[in-house]
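Novice: Before I ask anything, let me first share the structure, which is written out below as structure tokens.
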Amino acid sequence: RHGWSGLPPIERLANGVFYPMTLASNRHVAVAVIPETSGVAFYSDLCHPSGRDADDIRLRLRRILSLDFPLDEFRQLCRTRRDTKLHALASRGWGRILRSATPWEDAVKTLLTTNASWGYTVKMCKSVVESAGPATPCGLRCFPSPRQLLERLGLEGIRRLPLGYRAEYLSGLALAAKGQARWLSLPGAALAESEAKACIS
């Protein structure tokens, strides 16, 4: 099974995944993502998600599944190299990568994969989620934002998490990211490369 679906807060289902996430409205929701022949269906544990919340969920799923990632250049490269097998896969929509719901979650999970076994990475992600992640209506926990991490744990609490040397880096990352919530927590947001480098340097 794909490692992406094994990292908390994602939980595997028999035919898909549960993905708890915090929406722009600050509502916390667990989204069941189910692949279908004609695309992907999703269901949330919010009784009646508003139009804005439903649109936000769709936007996050587009990011998670990289649906806006351009494949034309990849397909052309497959044609140029005459790799019919790769071209057939690309033409069916394959070639996209799975991402987290936000750039912040991707950044933290990348940090937690460094110099660690897969089992330890899963354990570290679980520790971060369970210690600071807000709960959805069905009780699943979302990945905490930089602000939630700092407010619920503080710097000392983050450093006490079982992350090894990564705890210090996570503290610094959370402090640096706290003021950049707009582009770190919104899946559709983006910065120019120079601006992004200035934010994280």
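Chain labels follow the order of the structure tokens: the first chain is A, the next B, and so on; residue numbering restarts at 1 in every chain, and ligands are counted from 1 in their shown order.
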Would you please give, as a PyMOL selection string, all residues of chain A that DSSP assigns to strand (DSSP E or B) based on the backbone?
Specialist: chain A and resi 11-13+16-22+28-36+39-44+135+141
Novice: Okay, now the selection with C-alpha atoms, as a PDB file, in the first residue's frame?
Specialist:
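Contents of again16.pdb, as written:
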```pdb
ATOM      1  CA  GLU A  11      -6.649   6.551   8.054  1.00  0.00           C
ATOM      2  CA  ARG A  12      -7.104   3.790   5.508  1.00  0.00           C
ATOM      3  CA  LEU A  13     -10.516   2.473   4.536  1.00  0.00           C
ATOM      4  CA  GLY A  16     -10.249   4.651   0.142  1.00  0.00           C
ATOM      5  CA  VAL A  17      -9.053   6.858   2.987  1.00  0.00           C
ATOM      6  CA  PHE A  18     -10.333   9.081   5.773  1.00  0.00           C
ATOM      7  CA  TYR A  19      -8.523  12.422   5.699  1.00  0.00           C
ATOM      8  CA  PRO A  20      -9.210  14.744   8.692  1.00  0.00           C
ATOM      9  CA  MET A  21      -8.518  18.389   7.823  1.00  0.00           C
ATOM     10  CA  THR A  22      -9.086  21.928   9.076  1.00  0.00           C
ATOM     11  CA  HIS A  28     -12.553  20.480  11.458  1.00  0.00           C
ATOM     12  CA  VAL A  29     -13.812  17.720   9.202  1.00  0.00           C
ATOM     13  CA  ALA A  30     -12.984  14.104   8.372  1.00  0.00           C
ATOM     14  CA  VAL A  31     -13.343  13.519   4.631  1.00  0.00           C
ATOM     15  CA  ALA A  32     -13.798  10.025   3.220  1.00  0.00           C
ATOM     16  CA  VAL A  33     -12.130   9.922  -0.211  1.00  0.00           C
ATOM     17  CA  ILE A  34     -13.372   7.047  -2.373  1.00  0.00           C
ATOM     18  CA  PRO A  35     -12.014   6.336  -5.887  1.00  0.00           C
ATOM     19  CA  GLU A  36     -14.670   5.666  -8.515  1.00  0.00           C
ATOM     20  CA  GLY A  39     -13.331  10.102 -10.669  1.00  0.00           C
ATOM     21  CA  VAL A  40     -13.292  10.522  -6.900  1.00  0.00           C
ATOM     22  CA  ALA A  41     -16.215  10.813  -4.481  1.00  0.00           C
ATOM     23  CA  PHE A  42     -15.961  12.407  -1.054  1.00  0.00           C
ATOM     24  CA  TYR A  43     -18.137  12.393   2.046  1.00  0.00           C
ATOM     25  CA  SER A  44     -17.618  14.440   5.216  1.00  0.00           C
ATOM     26  CA  ALA A 135     -10.823  16.801  16.667  1.00  0.00           C
ATOM     27  CA  ARG A 141      -7.802  14.393  14.773  1.00  0.00           C
TER      28      ARG A 141
END
```
Novice: Using only C-alpha atoms, which protein or nucleic acid residues come within 12 Å of Asp55 (chain A)? Drop anything in the same chain fewer than 4 positions from it, and give the result as a list in words.
Specialist: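 The filter keeps Leu23, Ala24, Ser25, Phe42, Pro49, Ser50, Gly51, Leu59, Arg60, Leu61, Arg62, Pro187 and Gly188 of chain A.
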Novice: Take the selection from the previous step and output its residues with N, CA, C and O atoms, as a short mmCIF file (atom, residue, chain, number, x, y, z; two decimals), in the first residue's frame.
Specialist:
```cif
data_model
loop_
_atom_site.label_atom_id
_atom_site.label_comp_id
_atom_site.auth_asym_id
_atom_site.auth_seq_id
_atom_site.Cartn_x
_atom_site.Cartn_y
_atom_site.Cartn_z
N LEU A 23 -10.59 23.31 7.77
CA LEU A 23 -10.98 24.14 6.64
C LEU A 23 -10.68 25.61 6.91
O LEU A 23 -10.38 25.99 8.04
N ALA A 24 -10.79 26.43 5.88
CA ALA A 24 -10.54 27.86 6.02
C ALA A 24 -11.51 28.50 7.00
O ALA A 24 -11.20 29.51 7.63
N SER A 25 -12.70 27.92 7.15
CA SER A 25 -13.70 28.42 8.10
C SER A 25 -13.36 28.05 9.53
O SER A 25 -14.10 28.37 10.45
N PHE A 42 -16.34 12.12 -2.43
CA PHE A 42 -15.96 12.41 -1.05
C PHE A 42 -17.20 12.63 -0.21
O PHE A 42 -18.23 13.08 -0.67
N PRO A 49 -22.34 20.42 5.34
CA PRO A 49 -21.29 21.38 5.00
C PRO A 49 -21.85 22.49 4.13
O PRO A 49 -22.60 22.24 3.19
N SER A 50 -21.51 23.74 4.47
CA SER A 50 -21.95 24.88 3.68
C SER A 50 -21.33 24.82 2.30
O SER A 50 -20.38 24.06 2.05
N GLY A 51 -21.87 25.63 1.39
CA GLY A 51 -21.29 25.67 0.05
C GLY A 51 -19.83 26.04 0.07
O GLY A 51 -19.01 25.48 -0.65
N LEU A 59 -11.23 21.97 -3.11
CA LEU A 59 -9.94 22.61 -3.39
C LEU A 59 -8.80 21.82 -2.77
O LEU A 59 -7.75 21.59 -3.39
N ARG A 60 -8.99 21.38 -1.53
CA ARG A 60 -7.95 20.59 -0.85
C ARG A 60 -7.75 19.24 -1.53
O ARG A 60 -6.62 18.76 -1.64
N LEU A 61 -8.84 18.62 -1.96
CA LEU A 61 -8.70 17.34 -2.66
C LEU A 61 -7.97 17.52 -3.99
O LEU A 61 -7.20 16.65 -4.40
N ARG A 62 -8.19 18.64 -4.67
CA ARG A 62 -7.46 18.91 -5.90
C ARG A 62 -5.96 18.98 -5.63
O ARG A 62 -5.14 18.51 -6.42
N PRO A 187 -4.62 25.52 0.55
CA PRO A 187 -4.07 24.68 -0.52
C PRO A 187 -3.94 25.37 -1.85
O PRO A 187 -3.08 25.03 -2.65
N GLY A 188 -4.76 26.38 -2.12
CA GLY A 188 -4.70 27.04 -3.42
C GLY A 188 -3.77 28.24 -3.44
O GLY A 188 -3.55 28.84 -4.47
#
```
Novice: Would you give me, as a PyMOL selection string, the residues in region 5-179 of chain A that DSSP reads as alpha helix (DSSP H)?
Specialist: chain A and resi 51-64+72-80+84-91+103-112+118-132+146-159+166-178
Novice: Take the residues that were just selected and, keeping C-alpha atoms, output them as a PDB file, in the first residue's frame.
Specialist:
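File produced: part_1.pdb:
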```
ATOM      1  CA  GLY A  51     -21.288  25.666   0.046  1.00  0.00           C
ATOM      2  CA  ARG A  52     -18.076  27.419   1.063  1.00  0.00           C
ATOM      3  CA  ASP A  53     -16.903  24.450   3.158  1.00  0.00           C
ATOM      4  CA  ALA A  54     -17.751  22.003   0.356  1.00  0.00           C
ATOM      5  CA  ASP A  55     -15.792  24.157  -2.117  1.00  0.00           C
ATOM      6  CA  ASP A  56     -12.864  24.257   0.332  1.00  0.00           C
ATOM      7  CA  ILE A  57     -12.895  20.459   0.621  1.00  0.00           C
ATOM      8  CA  ARG A  58     -12.851  20.163  -3.189  1.00  0.00           C
ATOM      9  CA  LEU A  59      -9.939  22.608  -3.394  1.00  0.00           C
ATOM     10  CA  ARG A  60      -7.954  20.592  -0.848  1.00  0.00           C
ATOM     11  CA  LEU A  61      -8.697  17.339  -2.663  1.00  0.00           C
ATOM     12  CA  ARG A  62      -7.457  18.905  -5.903  1.00  0.00           C
ATOM     13  CA  ARG A  63      -4.177  19.662  -4.121  1.00  0.00           C
ATOM     14  CA  ILE A  64      -3.959  16.255  -2.429  1.00  0.00           C
ATOM     15  CA  ASP A  72       1.389  17.675 -21.100  1.00  0.00           C
ATOM     16  CA  GLU A  73       5.172  18.040 -20.824  1.00  0.00           C
ATOM     17  CA  PHE A  74       5.449  14.569 -19.267  1.00  0.00           C
ATOM     18  CA  ARG A  75       3.315  13.050 -22.039  1.00  0.00           C
ATOM     19  CA  GLN A  76       5.382  14.807 -24.697  1.00  0.00           C
ATOM     20  CA  LEU A  77       8.575  13.483 -23.122  1.00  0.00           C
ATOM     21  CA  CYS A  78       7.122   9.965 -23.210  1.00  0.00           C
ATOM     22  CA  ARG A  79       6.329  10.415 -26.926  1.00  0.00           C
ATOM     23  CA  THR A  80       9.799  11.823 -27.658  1.00  0.00           C
ATOM     24  CA  THR A  84       4.632   3.699 -25.102  1.00  0.00           C
ATOM     25  CA  LYS A  85       4.092   2.158 -21.677  1.00  0.00           C
ATOM     26  CA  LEU A  86       4.727   5.420 -19.807  1.00  0.00           C
ATOM     27  CA  HIS A  87       2.705   7.367 -22.356  1.00  0.00           C
ATOM     28  CA  ALA A  88      -0.257   5.016 -21.889  1.00  0.00           C
ATOM     29  CA  LEU A  89      -0.089   5.532 -18.119  1.00  0.00           C
ATOM     30  CA  ALA A  90       0.174   9.319 -18.459  1.00  0.00           C
ATOM     31  CA  SER A  91      -2.772   9.372 -20.876  1.00  0.00           C
ATOM     32  CA  PRO A 103       2.113  22.884   2.289  1.00  0.00           C
ATOM     33  CA  TRP A 104       2.688  23.066   6.069  1.00  0.00           C
ATOM     34  CA  GLU A 105       1.692  19.420   6.584  1.00  0.00           C
ATOM     35  CA  ASP A 106       3.960  18.383   3.703  1.00  0.00           C
ATOM     36  CA  ALA A 107       6.873  20.329   5.236  1.00  0.00           C
ATOM     37  CA  VAL A 108       6.492  18.716   8.672  1.00  0.00           C
ATOM     38  CA  LYS A 109       6.075  15.216   7.267  1.00  0.00           C
ATOM     39  CA  THR A 110       9.183  15.712   5.132  1.00  0.00           C
ATOM     40  CA  LEU A 111      11.116  16.714   8.252  1.00  0.00           C
ATOM     41  CA  LEU A 112       9.861  13.621  10.077  1.00  0.00           C
ATOM     42  CA  TRP A 118       9.236   4.224   8.173  1.00  0.00           C
ATOM     43  CA  GLY A 119       7.819   2.868  11.435  1.00  0.00           C
ATOM     44  CA  TYR A 120       9.460   5.672  13.401  1.00  0.00           C
ATOM     45  CA  THR A 121       8.175   8.279  10.913  1.00  0.00           C
ATOM     46  CA  VAL A 122       4.623   6.995  11.403  1.00  0.00           C
ATOM     47  CA  LYS A 123       5.105   7.094  15.182  1.00  0.00           C
ATOM     48  CA  MET A 124       6.377  10.700  15.074  1.00  0.00           C
ATOM     49  CA  CYS A 125       3.478  11.874  12.870  1.00  0.00           C
ATOM     50  CA  LYS A 126       1.025  10.163  15.216  1.00  0.00           C
ATOM     51  CA  SER A 127       2.603  11.911  18.197  1.00  0.00           C
ATOM     52  CA  VAL A 128       2.272  15.349  16.562  1.00  0.00           C
ATOM     53  CA  VAL A 129      -1.354  14.737  15.562  1.00  0.00           C
ATOM     54  CA  GLU A 130      -2.487  13.235  18.872  1.00  0.00           C
ATOM     55  CA  SER A 131      -0.769  15.854  21.009  1.00  0.00           C
ATOM     56  CA  ALA A 132      -2.010  18.986  19.210  1.00  0.00           C
ATOM     57  CA  PRO A 146       1.750  25.996  13.336  1.00  0.00           C
ATOM     58  CA  ARG A 147      -0.411  28.151  15.625  1.00  0.00           C
ATOM     59  CA  GLN A 148      -2.194  25.139  17.144  1.00  0.00           C
ATOM     60  CA  LEU A 149       1.113  23.388  17.722  1.00  0.00           C
ATOM     61  CA  LEU A 150       2.581  26.410  19.513  1.00  0.00           C
ATOM     62  CA  GLU A 151      -0.558  27.277  21.493  1.00  0.00           C
ATOM     63  CA  ARG A 152      -1.315  23.729  22.647  1.00  0.00           C
ATOM     64  CA  LEU A 153       2.230  22.577  23.368  1.00  0.00           C
ATOM     65  CA  GLY A 154       4.512  25.599  23.497  1.00  0.00           C
ATOM     66  CA  LEU A 155       8.159  25.316  22.517  1.00  0.00           C
ATOM     67  CA  GLU A 156       8.997  23.108  25.491  1.00  0.00           C
ATOM     68  CA  GLY A 157       6.086  20.792  24.758  1.00  0.00           C
ATOM     69  CA  ILE A 158       7.188  20.412  21.138  1.00  0.00           C
ATOM     70  CA  ARG A 159      10.714  19.607  22.289  1.00  0.00           C
ATOM     71  CA  ARG A 166      13.828  16.881  14.779  1.00  0.00           C
ATOM     72  CA  ALA A 167      11.917  18.431  17.693  1.00  0.00           C
ATOM     73  CA  GLU A 168      14.236  21.444  17.686  1.00  0.00           C
ATOM     74  CA  TYR A 169      13.797  21.875  13.947  1.00  0.00           C
ATOM     75  CA  LEU A 170      10.018  21.512  14.252  1.00  0.00           C
ATOM     76  CA  SER A 171       9.985  24.258  16.905  1.00  0.00           C
ATOM     77  CA  GLY A 172      11.872  26.590  14.584  1.00  0.00           C
ATOM     78  CA  LEU A 173       9.704  25.661  11.615  1.00  0.00           C
ATOM     79  CA  ALA A 174       6.510  26.326  13.597  1.00  0.00           C
ATOM     80  CA  LEU A 175       7.787  29.746  14.727  1.00  0.00           C
ATOM     81  CA  ALA A 176       8.806  30.689  11.182  1.00  0.00           C
ATOM     82  CA  ALA A 177       5.546  29.387   9.718  1.00  0.00           C
ATOM     83  CA  LYS A 178       3.223  30.989  12.268  1.00  0.00           C
TER      84      LYS A 178
END
```
Novice: Measure the distance from CA of Leu7 (chain A) to CA of Arg99 (chain A) in Å and round it to one decimal.
Specialist: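 Computed distance, CA of Leu7 (chain A) to CA of Arg99 (chain A), equals 11.3 Å.
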Novice: Suppose you want the space between CA of Ala14 (chain A) and CA of Asp45 (chain A); what is it in Å?
Specialist: 17.6 Å
Novice: Can you tell me how far CA of Ile10 (chain A) sits from CA of Cys142 (chain A), in Å to one decimal?
Specialist: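 Straight-line distance from CA of Ile10 (chain A) to CA of Cys142 (chain A) works out to 8.6 Å.
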